[in-house]
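Have a look at the structure below before the remarks.
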Amino acid sequence: MKLIVIPTYNERRNLEALLRLIYCQEQDFHILIVDDNSPDGTGELVCQLMRNEYPERLFLLKRPAKMGLGTAYIAGFKWALERNYQYIFEMDADFSHHPKYLAQFLAVADQYDLVLGSRYIPGGGVSNWGVIRRVISYGGSLYSRLLLGLPFKDLTGGYKCFRREVLETINLDDVRSNGYSFQIELTYRAFLQSFRIREIPILFEERATGQSKMSGKIFLEAVWMVFKLRMVKKRLQAVKSKKLQHIRTTATLSD
Ligand SMILES: Nc1nc2c(ncn2[C@@H]2O[C@H](COP(=O)(O)OP(=O)(O)O)[C@@H](O)[C@H]2O)c(=O)[nH]1
Ligand SMILES: [Mg+2]
């Protein structure tokens, strides 16, 4: 089973068309919307669609107020892990992540544990972004790549497909980032656990309607968090070896 987690804040004008496009893909997807009580009534729209059109395929996790992208995804991932989903996707609600790429994610998902939609490898790109956004996004990936020693070109993107084992292994309660560094942190944690990670090219298109929630605060959080992740690398690796040790001990005991 495949689940797409979509965090939303004021996405009423984008969401319905996006859902229709996902549901007309060849593969069968379930969708979980994590809505932070959007004032524009995104949550009410989802309830309506669940009732009238997509029962059993569309789900809603309601949170009381805007609490950030990272915690929205963590809540969505926990919801997914309580159920039987094998592949868990991240996707934005604003059409920047086009559903036409879902099939391409799945085409490699059986050989990799984490597939990243990448704007910065051949075949990928960004359209309709001003110079400042481009510099922030590309610079953010470069900064993280160099500081954390990650061999991937796009670390800030949020179009991803996780195999459930990755999310089961990462300690979700230990994830500290909430804004864009959330994407970097998750990939970094998966990398430190030696999961197989692959980038596939996507064309990222700027949202047609609604507003970006990107802010200076989120940008600074990312700069600081990457630095902090670099500092705690040894601790994160120690968590890994402890986990492996535990797995080995349990295996030996049950032999
Ligand atoms: N639930 C929830 N969703 C959020 C929050 N902030 C952003 N989002 C959603 O996360 C996705 C990406 O945000 P967006 O503002 O488009 O970021 P950008 O594409 O980098 O400008 C969109 O679907 C937003 O509606 C938040 O605090 N809570
Ligand atoms: Mg966006």
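In the structure tokens, chains take letters A, B, ... by order of appearance, with residues numbered from 1 within each chain and ligands from 1 in the order shown.
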Kindly provide, as a ChimeraX atom specification, all nucleotide and amino acid residues lying within 6 Å of ligand 1, counting only C-alpha atoms and all ligand atoms. /A:7-9,11,34-36,66-69,72,92-94,212-214
Tell me, which residues of segment 26-130 of chain A carry DSSP strand (DSSP E), written as a list in words? His30, Ile31, Leu32, Ile33, Val34, Asp35, Leu58, Phe59, Leu60, Leu61, Lys62, Tyr87, Ile88, Phe89, Glu90, Leu114, Val115, Leu116, Gly117, Ser118, Gly125, Val126 and Ser127 of chain A
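With distances restricted to only C-alpha atoms, A:Phe95 is the closest residue to Gly210 of chain A from A:Asn52, A:Cys24, A:Phe95, A:Arg119.
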At most 10 Å is the cut-off: for each residue in segment 44-158 of chain A with any atom that close to an atom of segment 196-204 of chain A, write down the nearest atom pair and the distance in Å rounded to one decimal, counting only C-alpha atoms, chain first then increasing number, as CSV.
residue,atom,partner,partner_atom,distance
A:Phe95,CA,A:Phe204,CA,8.5
A:Ser96,CA,A:Phe204,CA,5.2
A:His97,CA,A:Phe204,CA,6.1
A:His98,CA,A:Phe204,CA,7.8
A:Lys100,CA,A:Ile202,CA,9.7
A:Tyr101,CA,A:Ile202,CA,7.2
A:Gln104,CA,A:Ile200,CA,7.9
A:Phe105,CA,A:Ile200,CA,7.4
A:Val108,CA,A:Arg198,CA,8.3
A:Ala109,CA,A:Arg198,CA,8.9
A:Gln111,CA,A:Arg196,CA,8.0
A:Tyr112,CA,A:Arg196,CA,5.0
A:Asp113,CA,A:Arg196,CA,5.2
A:Leu114,CA,A:Ile197,CA,4.8
A:Val115,CA,A:Arg198,CA,5.0
A:Leu116,CA,A:Glu199,CA,4.6
A:Gly117,CA,A:Ile200,CA,5.2
A:Ser118,CA,A:Pro201,CA,4.8
A:Arg119,CA,A:Ile202,CA,5.6
A:Tyr120,CA,A:Pro201,CA,7.5
A:Ile121,CA,A:Pro201,CA,6.1
A:Pro122,CA,A:Pro201,CA,6.8
A:Gly123,CA,A:Pro201,CA,5.3
A:Gly124,CA,A:Pro201,CA,4.2
A:Gly125,CA,A:Leu203,CA,4.6
A:Val126,CA,A:Phe204,CA,4.7
A:Ser127,CA,A:Phe204,CA,6.3
A:Asn128,CA,A:Phe204,CA,8.9
A:Trp129,CA,A:Phe204,CA,9.3
A:Pro151,CA,A:Ile197,CA,9.7
A:Phe152,CA,A:Glu199,CA,7.3
A:Lys153,CA,A:Glu199,CA,8.1
A:Asp154,CA,A:Glu199,CA,8.1
A:Leu155,CA,A:Glu199,CA,9.9
A:Gly157,CA,A:Phe204,CA,9.2
Let's see if you can do this: from backbone DSSP, list all helix (DSSP H, G or I) residues in segment 6-229 of chain A, as a PyMOL selection string. chain A and resi 12-23+42-52+69-81+99-109+131-148+164-169+172-174+181-192+216-229
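In terms of minimum interatomic distance to Tyr159 of chain A, A:Ile88 ranks closest within A:Lys228, A:Ile88, A:Glu185, A:Met50, counting only C-alpha atoms.
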Atom CA of Lys160 of chain A to atom CA of Arg13 of chain A measures 23.2 Å
To one decimal place in Å, what is the distance between atom CA of Ile6 of chain A and atom CA of Arg57 of chain A? 13.4 Å
Atom CA of Pro99 of chain A to atom CA of Ala208 of chain A, straight-line distance in Å: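 So the two atoms, atom CA of Ala208 of chain A and atom CA of Pro99 of chain A, lie 15.5 Å apart.
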Find the residues around segment 76-83 of chain A up to 8 Å (only C-alpha atoms counted), leave out those fewer than 6 positions away in its own chain, and share them as an mmCIF file with N, CA and C atoms, in the first residue's frame.
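Result file out19.cif:
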data_model
loop_
_atom_site.group_PDB
_atom_site.id
_atom_site.type_symbol
_atom_site.label_atom_id
_atom_site.label_comp_id
_atom_site.auth_asym_id
_atom_site.auth_seq_id
_atom_site.Cartn_x
_atom_site.Cartn_y
_atom_site.Cartn_z
ATOM 1 N N LEU A 3 1.073 5.495 0.530
ATOM 2 C CA LEU A 3 0.412 6.661 1.123
ATOM 3 C C LEU A 3 1.174 7.928 0.757
ATOM 4 N N VAL A 5 1.637 11.710 2.041
ATOM 5 C CA VAL A 5 1.333 12.643 3.126
ATOM 6 C C VAL A 5 1.478 14.066 2.581
ATOM 7 N N LEU A 32 -3.041 11.212 2.843
ATOM 8 C CA LEU A 32 -3.322 11.765 4.170
ATOM 9 C C LEU A 32 -3.008 13.260 4.149
ATOM 10 N N VAL A 34 -2.490 16.548 6.294
ATOM 11 C CA VAL A 34 -2.260 17.014 7.666
ATOM 12 C C VAL A 34 -2.501 18.517 7.666
ATOM 13 N N LEU A 61 -5.799 14.427 9.020
ATOM 14 C CA LEU A 61 -5.300 14.577 10.381
ATOM 15 C C LEU A 61 -5.395 16.060 10.688
ATOM 16 N N ARG A 164 8.945 2.090 4.411
ATOM 17 C CA ARG A 164 8.532 2.241 5.813
ATOM 18 C C ARG A 164 9.661 1.936 6.803
ATOM 19 N N LEU A 167 11.492 5.001 8.109
ATOM 20 C CA LEU A 167 10.787 5.786 9.125
ATOM 21 C C LEU A 167 10.675 5.021 10.440
ATOM 22 N N GLU A 168 10.691 3.686 10.342
ATOM 23 C CA GLU A 168 10.670 2.886 11.568
ATOM 24 C C GLU A 168 12.015 2.971 12.290
#
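Proximity to Gly179 of chain A was assessed for A:Thr71, A:Ser194, A:Leu236, A:Glu56 counting only C-alpha atoms; the smallest distance is recorded for A:Thr71.
Residues in contact with segment 190-193 of chain A at up to 8 Å, not including ones fewer than 6 positions away on its chain and judged by only C-alpha atoms, are Leu114, Leu150, Val166, Ile170, Leu236, Gln237 and Lys240 of chain A.
Remark: for ligand 2, the closest of the candidate residues A:Arg235, A:Thr209, A:Leu102, A:Phe227 is A:Thr209 (distances computed over only C-alpha atoms and all ligand atoms).
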Which one is closest to ligand 2: A:Ile4, A:Leu172, A:Glu16, A:Asn10? Count only C-alpha atoms and all ligand atoms. A:Asn10
